[in-house]
Structures are given as structure tokens and as C-alpha cells.
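Student: Below is the file coords_9.txt, with compact mmCIF, C-alpha atoms.
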```
# COMPACT_ATOMS: atom_id res chain seq x y z
CA MET R 1 36.39 -42.26 -60.34
CA ILE R 2 37.51 -40.54 -57.14
CA ILE R 3 35.15 -40.88 -54.17
CA VAL R 4 35.74 -38.57 -51.19
CA ALA R 5 33.94 -39.34 -47.94
CA PRO R 6 34.24 -38.94 -44.18
CA THR R 7 36.42 -41.71 -42.76
CA SER R 8 38.01 -42.55 -39.45
CA PRO R 9 41.69 -41.61 -39.30
CA LYS R 10 42.12 -45.00 -37.60
CA ASP R 11 41.09 -46.88 -40.74
CA PRO R 12 44.22 -48.95 -41.51
CA GLU R 13 44.66 -47.52 -45.02
CA ALA R 14 44.13 -43.94 -43.79
CA SER R 15 46.53 -44.46 -40.87
CA ALA R 16 49.18 -45.82 -43.23
CA LEU R 17 48.92 -42.72 -45.43
CA LEU R 18 49.03 -40.43 -42.40
CA ARG R 19 52.16 -42.16 -41.12
CA ALA R 20 53.75 -41.78 -44.57
CA SER R 21 52.87 -38.08 -44.55
CA HIS R 22 54.31 -37.60 -41.06
CA ALA R 23 57.53 -39.40 -42.04
CA LEU R 24 57.90 -37.17 -45.10
CA MET R 25 57.37 -34.01 -43.05
CA GLN R 26 59.89 -35.19 -40.46
CA SER R 27 62.44 -35.84 -43.23
CA LEU R 28 61.96 -32.37 -44.76
CA PHE R 29 61.54 -30.02 -41.80
CA PRO R 30 63.04 -29.53 -38.34
CA PRO R 31 60.92 -30.83 -35.44
CA GLU R 32 59.92 -27.35 -34.32
CA ASP R 33 58.48 -26.64 -37.79
CA ASN R 34 56.30 -29.77 -37.97
CA PHE R 35 52.70 -28.92 -37.18
CA PHE R 36 50.88 -32.06 -38.33
CA LEU R 37 48.17 -33.59 -36.17
CA ASP R 38 48.73 -37.14 -34.98
CA ILE R 39 46.08 -39.77 -35.58
CA GLU R 40 44.47 -39.35 -32.14
CA GLU R 41 44.25 -35.56 -32.62
CA LEU R 42 42.42 -36.16 -35.90
CA CYS R 43 39.73 -38.12 -34.01
CA THR R 44 38.38 -35.17 -32.00
CA ASP R 45 34.98 -33.48 -32.39
CA ASP R 46 36.50 -30.35 -33.96
CA ILE R 47 37.99 -32.27 -36.91
CA ARG R 48 36.26 -33.45 -40.09
CA PHE R 49 38.51 -36.09 -41.67
CA PHE R 50 38.10 -37.23 -45.27
CA THR R 51 39.69 -39.81 -47.51
CA ALA R 52 39.69 -40.19 -51.26
CA ARG R 53 39.29 -43.62 -52.82
CA ILE R 54 40.00 -44.92 -56.28
CA ASP R 55 38.69 -48.43 -56.99
CA GLY R 56 37.90 -48.82 -53.28
CA ARG R 57 41.46 -48.12 -52.14
CA ILE R 58 42.26 -45.06 -49.98
CA VAL R 59 44.73 -42.91 -51.91
CA GLY R 60 44.45 -39.53 -50.17
CA THR R 61 43.60 -37.79 -46.92
CA GLY R 62 42.56 -34.32 -45.82
CA ALA R 63 40.92 -32.70 -42.84
CA LEU R 64 39.05 -29.60 -41.79
CA ALA R 65 39.89 -28.32 -38.31
CA LEU R 66 37.13 -26.15 -36.87
CA LYS R 67 38.59 -23.03 -35.28
CA ASP R 68 37.06 -19.93 -33.74
CA GLY R 69 35.84 -17.96 -36.77
CA TYR R 70 37.60 -19.99 -39.48
CA GLY R 71 38.49 -23.44 -40.69
CA GLU R 72 41.96 -24.86 -41.18
CA VAL R 73 42.98 -27.30 -43.90
CA LYS R 74 45.05 -30.11 -42.35
CA SER R 75 46.51 -33.51 -43.21
CA MET R 76 46.43 -33.15 -46.99
CA PHE R 77 48.36 -36.07 -48.47
CA VAL R 78 48.10 -38.21 -51.59
CA ASP R 79 49.76 -41.57 -52.15
CA GLU R 80 52.64 -41.12 -54.59
CA ALA R 81 51.14 -43.61 -57.07
CA ALA R 82 47.90 -41.59 -57.23
CA ARG R 83 49.41 -38.14 -57.70
CA GLY R 84 48.44 -36.20 -60.80
CA LYS R 85 44.98 -37.81 -60.96
CA GLY R 86 43.00 -35.02 -59.27
CA VAL R 87 42.85 -36.63 -55.83
CA ALA R 88 44.08 -33.57 -53.91
CA ASP R 89 41.68 -31.33 -55.86
CA ALA R 90 38.76 -33.61 -54.94
CA ILE R 91 39.69 -33.67 -51.25
CA LEU R 92 40.17 -29.91 -51.11
CA ARG R 93 36.78 -29.35 -52.77
CA GLN R 94 35.17 -31.61 -50.14
CA ILE R 95 36.86 -29.68 -47.32
CA GLU R 96 35.67 -26.39 -48.82
CA ASP R 97 32.12 -27.75 -49.25
CA GLU R 98 32.09 -28.85 -45.60
CA ALA R 99 33.38 -25.45 -44.47
CA ARG R 100 30.68 -23.68 -46.48
CA ALA R 101 27.99 -25.98 -45.02
CA LEU R 102 29.24 -24.99 -41.57
CA GLU R 103 29.12 -21.32 -42.65
CA LEU R 104 32.80 -20.73 -42.00
CA PRO R 105 33.85 -17.42 -43.59
CA ILE R 106 37.46 -18.34 -44.38
CA LEU R 107 39.83 -21.28 -44.69
CA ARG R 108 43.48 -21.05 -43.67
CA LEU R 109 46.41 -23.40 -43.89
CA GLU R 110 50.08 -23.84 -43.14
CA THR R 111 52.28 -25.75 -45.54
CA GLY R 112 55.98 -26.32 -45.98
CA ASN R 113 58.09 -23.93 -48.02
CA VAL R 114 59.47 -26.73 -50.23
CA LEU R 115 56.13 -28.42 -50.94
CA TYR R 116 55.80 -26.82 -54.36
CA ALA R 117 53.03 -29.11 -55.62
CA ALA R 118 50.96 -28.11 -52.57
CA HIS R 119 51.57 -24.41 -53.27
CA ARG R 120 50.33 -24.90 -56.85
CA LEU R 121 47.26 -26.83 -55.65
CA TYR R 122 46.23 -24.16 -53.18
CA ALA R 123 46.89 -21.28 -55.60
CA ARG R 124 44.83 -23.06 -58.25
CA HIS R 125 41.93 -23.14 -55.77
CA GLY R 126 42.20 -19.44 -54.95
CA TYR R 127 44.31 -19.46 -51.79
CA VAL R 128 46.61 -16.49 -51.28
CA THR R 129 49.63 -16.02 -49.06
CA CYS R 130 48.98 -14.54 -45.62
CA GLY R 131 50.82 -14.27 -42.33
CA PRO R 132 50.86 -16.71 -39.42
CA PHE R 133 47.53 -17.32 -37.70
CA GLY R 134 46.28 -19.06 -34.57
CA ALA R 135 49.14 -20.44 -32.48
CA TYR R 136 51.58 -20.78 -35.39
CA PRO R 137 54.93 -19.05 -34.97
CA GLU R 138 56.70 -17.26 -37.79
CA ALA R 139 58.69 -20.27 -39.03
CA PRO R 140 61.24 -20.13 -41.84
CA SER R 141 59.96 -23.34 -43.38
CA SER R 142 56.26 -22.39 -43.24
CA ILE R 143 54.03 -20.75 -45.80
CA PHE R 144 50.60 -19.56 -44.69
CA MET R 145 47.66 -19.22 -47.04
CA GLU R 146 43.96 -18.39 -46.85
CA LYS R 147 40.81 -18.27 -48.93
CA ALA R 148 37.60 -16.37 -48.23
CA LEU R 149 34.56 -18.59 -48.79
```
Go ahead and express the file in the form of C-alpha cells.
Tutor:
Amino acid sequence: MIIVAPTSPKDPEASALLRASHALMQSLFPPEDNFFLDIEELCTDDIRFFTARIDGRIVGTGALALKDGYGEVKSMFVDEAARGKGVADAILRQIEDEARALELPILRLETGNVLYAAHRLYARHGYVTCGPFGAYPEAPSSIFMEKAL
């Protein structure tokens, strides 16, 4: 069973996954195209951070950033050993539920152009391609998506 719940990004297991995610992004994309939030930035009042656990072990992370008029999906990452088990789906559903509870009209996200599994996940949940939003530049390695709630 997958259990998704609010968690501190400073939890050692969560921090380890976040560092693994950041390292992967840094290996795939140029520095100017990396838009991940560091652990301290995930601890602010405008972030809702969630982890997914299987058998008590944290195997995935995701966050909802509260923006003016919308929410942004951030920090989605699943431990390689737990991929294909529905962890990302469970986290994304929790983020969407939180956004609906906060009466946000739309969710947006930025993801990397070569993160094909992420593209499939978001499309499966009804996200469609859109243009850059917020402070994001038009970046060659970025794909932007959104979903009306």
C-alpha cells in the first residue's frame, strides 16, 4: 500500500530523494535550465510538501507551490526501485486534492524535455502542453503543462 502524507523536506529519507533528484537534473540539463527548489525553499509557507511511503519507507516526493491564481507541481521524484508501482500517480493525486481544497483553479508545471515517463504521467492525469508561465523563460529543455481543476 502507498501512503502519501505531508512531510518535512528535511526528513532524512525525503532529503536523500531530493538530492538524488537534483543530481539527476544537473546531469541531464544545463544549469540555466534547472528550476528545482532546494530543500530550504521547500520549507516555506507557500509550499505543501508530500512524500509517498511503501512499508514505512519514503519512496517518492512531490510538492504544491502556491502561486497567485494557480498552483505549481514541483519536486516530483520516485526512487528508481519503486518506479512502476503507482507512486507518482498517488503523489500527483494528493497534490491535486490539496489544490482543489485550496480552491486553486489550475495547476501548472515545468518538466524536462527528455523526462518521457513524466510526460506520460502528466498526460495520463489530464495535463496538456502550454507555454511558459510565471518567471520561467522559454528554455529549449523545458516542457510546460497545465490542468484546469
Student: If you measure from atom CA of Asp11 of chain R to atom CA of Glu41 of chain R, what distance in Å do you get, rounded to one decimal?
Tutor: 14.3 Å
Student: Near Leu42 of chain R, counting only C-alpha atoms, which residues have an atom at most 10 Å away, once you skip same-chain residues fewer than 5 positions from it, shown as a count of residues only?
Tutor: 13
Student: Counting all atoms listed in the file, which of R:Asn34, R:Gln94, R:Gln26, R:Ser21 gets nearest to Ala52 of chain R?
Tutor: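 For Ala52 of chain R, the nearest of the candidates is R:Gln94.
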Student: Just want the 12 Å neighbourhood of Glu32 of chain R, counted on only C-alpha atoms, with same-chain residues fewer than 5 positions away dropped. Output as a list in words.
Tutor: Met25, Gln26, Tyr136, Pro137, Glu138, Ala139, Pro140, Ser141 and Ser142 of chain R
Student: Taking C-alpha atoms for each residue, export the selection above as a PDB file, in the frame of the given file.
Tutor:
```pdb
ATOM      1  CA  MET R  25      57.370 -34.010 -43.050  1.00  0.00           C
ATOM      2  CA  GLN R  26      59.890 -35.190 -40.460  1.00  0.00           C
ATOM      3  CA  TYR R 136      51.580 -20.780 -35.390  1.00  0.00           C
ATOM      4  CA  PRO R 137      54.930 -19.050 -34.970  1.00  0.00           C
ATOM      5  CA  GLU R 138      56.700 -17.260 -37.790  1.00  0.00           C
ATOM      6  CA  ALA R 139      58.690 -20.270 -39.030  1.00  0.00           C
ATOM      7  CA  PRO R 140      61.240 -20.130 -41.840  1.00  0.00           C
ATOM      8  CA  SER R 141      59.960 -23.340 -43.380  1.00  0.00           C
ATOM      9  CA  SER R 142      56.260 -22.390 -43.240  1.00  0.00           C
TER      10      SER R 142
END
```
Student: List the spatial neighbours of segment 121-124 of chain R as an MDAnalysis selection string - criterion: any atom at most 10 Å away, only C-alpha atoms, same-chain residues fewer than 2 positions off excluded.
Tutor: chainID R and resid 86 88:89 92 109 111 116:119 126:129 145:147
Student: With all atoms listed in the file as the basis for distance, which of R:Ala99, R:Ala5, R:Ala135, R:Ile106 is at the shortest distance from Phe35 of chain R?
Tutor: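 Residue with the minimum atom-to-atom distance to Phe35 of chain R: R:Ala135.
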Student: Please measure the separation of atom CA of Leu18 of chain R and atom CA of Asp45 of chain R, giving the value in Å to one decimal.
Tutor: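 Spanning atom CA of Leu18 of chain R to atom CA of Asp45 of chain R is a straight-line distance of 18.6 Å.
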Student: Atom CA of Thr61 of chain R and atom CA of Gly131 of chain R are how many Å apart?
Tutor: 25.0 Å
Student: With distances taken over only C-alpha atoms, which of R:Glu103, R:Asp33, R:Asp55, R:Glu13 is nearest to Gly71 of chain R?
Tutor: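 Checking each candidate against Gly71 of chain R, we get R:Glu103 as the closest.
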Student: Please write out, as AutoDock Vina command-line options, where the centre of an axis-aligned box around all listed atoms of segment 134-145 of chain R lies and how long its edges are, in Å to one decimal, after adding 8 Å on each side.
Tutor:
```
--center_x 53.8 --center_y -20.3 --center_z -39.8 --size_x 31.0 --size_y 22.1 --size_z 30.6
```
Student: Identify, on the basis of all atoms listed in the file, every residue whose closest approach to Ile143 of chain R does not exceed 7 Å; exclude the query and any residue fewer than 3 positions from it along the same chain; express the result as a list of chain:residue names.
Tutor: R:Glu110, R:Thr111, R:Gly112, R:Asn113
Student: Which residue gives the smallest distance to Ala82 of chain R among R:Leu24, R:Leu107, R:Val59, R:Ile39, with only C-alpha atoms counted?
Tutor: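 When distances to Ala82 of chain R are compared using only C-alpha atoms, the smallest one comes from R:Val59.
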Student: Pick from R:Ala16, R:Ala148, R:Leu102, R:Val114: nearest to Cys130 of chain R, with all atoms listed in the file counted?
Tutor: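 Among R:Ala16, R:Ala148, R:Leu102, R:Val114, it is R:Ala148 that comes nearest to Cys130 of chain R.
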Student: I'd like to know which of R:Pro6, R:Gly60, R:Gly134, R:Pro30 is closest to Arg83 of chain R, using only C-alpha atoms.
Tutor: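 Of R:Pro6, R:Gly60, R:Gly134, R:Pro30, the one nearest Arg83 of chain R is R:Gly60, counting only C-alpha atoms.
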Student: Just add N, CA, C and O atoms to segment 32-47 of chain R and send it as an mmCIF file, keeping the file's coordinate frame.
Tutor:
```
data_model
loop_
_atom_site.group_PDB
_atom_site.id
_atom_site.type_symbol
_atom_site.label_atom_id
_atom_site.label_comp_id
_atom_site.auth_asym_id
_atom_site.auth_seq_id
_atom_site.Cartn_x
_atom_site.Cartn_y
_atom_site.Cartn_z
ATOM 1 N N GLU R 32 60.687 -28.513 -34.771
ATOM 2 C CA GLU R 32 59.920 -27.350 -34.320
ATOM 3 C C GLU R 32 59.052 -26.749 -35.425
ATOM 4 O O GLU R 32 58.176 -25.928 -35.153
ATOM 5 N N ASP R 33 59.280 -27.153 -36.673
ATOM 6 C CA ASP R 33 58.480 -26.640 -37.790
ATOM 7 C C ASP R 33 57.510 -27.695 -38.339
ATOM 8 O O ASP R 33 56.964 -27.528 -39.428
ATOM 9 N N ASN R 34 57.292 -28.762 -37.593
ATOM 10 C CA ASN R 34 56.300 -29.770 -37.970
ATOM 11 C C ASN R 34 55.037 -29.556 -37.158
ATOM 12 O O ASN R 34 55.065 -29.648 -35.935
ATOM 13 N N PHE R 35 53.954 -29.265 -37.855
ATOM 14 C CA PHE R 35 52.700 -28.920 -37.180
ATOM 15 C C PHE R 35 51.573 -29.893 -37.517
ATOM 16 O O PHE R 35 50.402 -29.570 -37.357
ATOM 17 N N PHE R 36 51.930 -31.091 -37.989
ATOM 18 C CA PHE R 36 50.880 -32.060 -38.330
ATOM 19 C C PHE R 36 50.191 -32.565 -37.076
ATOM 20 O O PHE R 36 50.752 -32.556 -35.977
ATOM 21 N N LEU R 37 48.941 -32.993 -37.252
ATOM 22 C CA LEU R 37 48.170 -33.590 -36.170
ATOM 23 C C LEU R 37 48.383 -35.092 -36.189
ATOM 24 O O LEU R 37 48.349 -35.715 -37.247
ATOM 25 N N ASP R 38 48.595 -35.678 -35.010
ATOM 26 C CA ASP R 38 48.730 -37.140 -34.980
ATOM 27 C C ASP R 38 47.346 -37.774 -35.134
ATOM 28 O O ASP R 38 46.322 -37.085 -35.140
ATOM 29 N N ILE R 39 47.329 -39.062 -35.287
ATOM 30 C CA ILE R 39 46.080 -39.770 -35.580
ATOM 31 C C ILE R 39 45.033 -39.548 -34.488
ATOM 32 O O ILE R 39 43.863 -39.315 -34.788
ATOM 33 N N GLU R 40 45.436 -39.582 -33.237
ATOM 34 C CA GLU R 40 44.470 -39.350 -32.140
ATOM 35 C C GLU R 40 43.903 -37.934 -32.205
ATOM 36 O O GLU R 40 42.705 -37.736 -31.968
ATOM 37 N N GLU R 41 44.729 -36.949 -32.528
ATOM 38 C CA GLU R 41 44.250 -35.560 -32.620
ATOM 39 C C GLU R 41 43.259 -35.382 -33.759
ATOM 40 O O GLU R 41 42.413 -34.490 -33.713
ATOM 41 N N LEU R 42 43.356 -36.233 -34.777
ATOM 42 C CA LEU R 42 42.420 -36.160 -35.900
ATOM 43 C C LEU R 42 41.080 -36.814 -35.587
ATOM 44 O O LEU R 42 40.161 -36.762 -36.405
ATOM 45 N N CYS R 43 40.953 -37.420 -34.415
ATOM 46 C CA CYS R 43 39.730 -38.120 -34.010
ATOM 47 C C CYS R 43 38.851 -37.284 -33.076
ATOM 48 O O CYS R 43 37.902 -37.810 -32.499
ATOM 49 N N THR R 44 39.145 -36.003 -32.924
ATOM 50 C CA THR R 44 38.380 -35.170 -32.000
ATOM 51 C C THR R 44 37.155 -34.560 -32.687
ATOM 52 O O THR R 44 37.039 -34.568 -33.918
ATOM 53 N N ASP R 45 36.243 -34.023 -31.883
ATOM 54 C CA ASP R 45 34.980 -33.480 -32.390
ATOM 55 C C ASP R 45 35.160 -32.255 -33.287
ATOM 56 O O ASP R 45 34.272 -31.929 -34.066
ATOM 57 N N ASP R 46 36.290 -31.561 -33.165
ATOM 58 C CA ASP R 46 36.500 -30.350 -33.960
ATOM 59 C C ASP R 46 37.250 -30.617 -35.268
ATOM 60 O O ASP R 46 37.719 -29.695 -35.922
ATOM 61 N N ILE R 47 37.321 -31.881 -35.674
ATOM 62 C CA ILE R 47 37.990 -32.270 -36.910
ATOM 63 C C ILE R 47 37.002 -33.029 -37.800
ATOM 64 O O ILE R 47 36.278 -33.914 -37.333
#
```
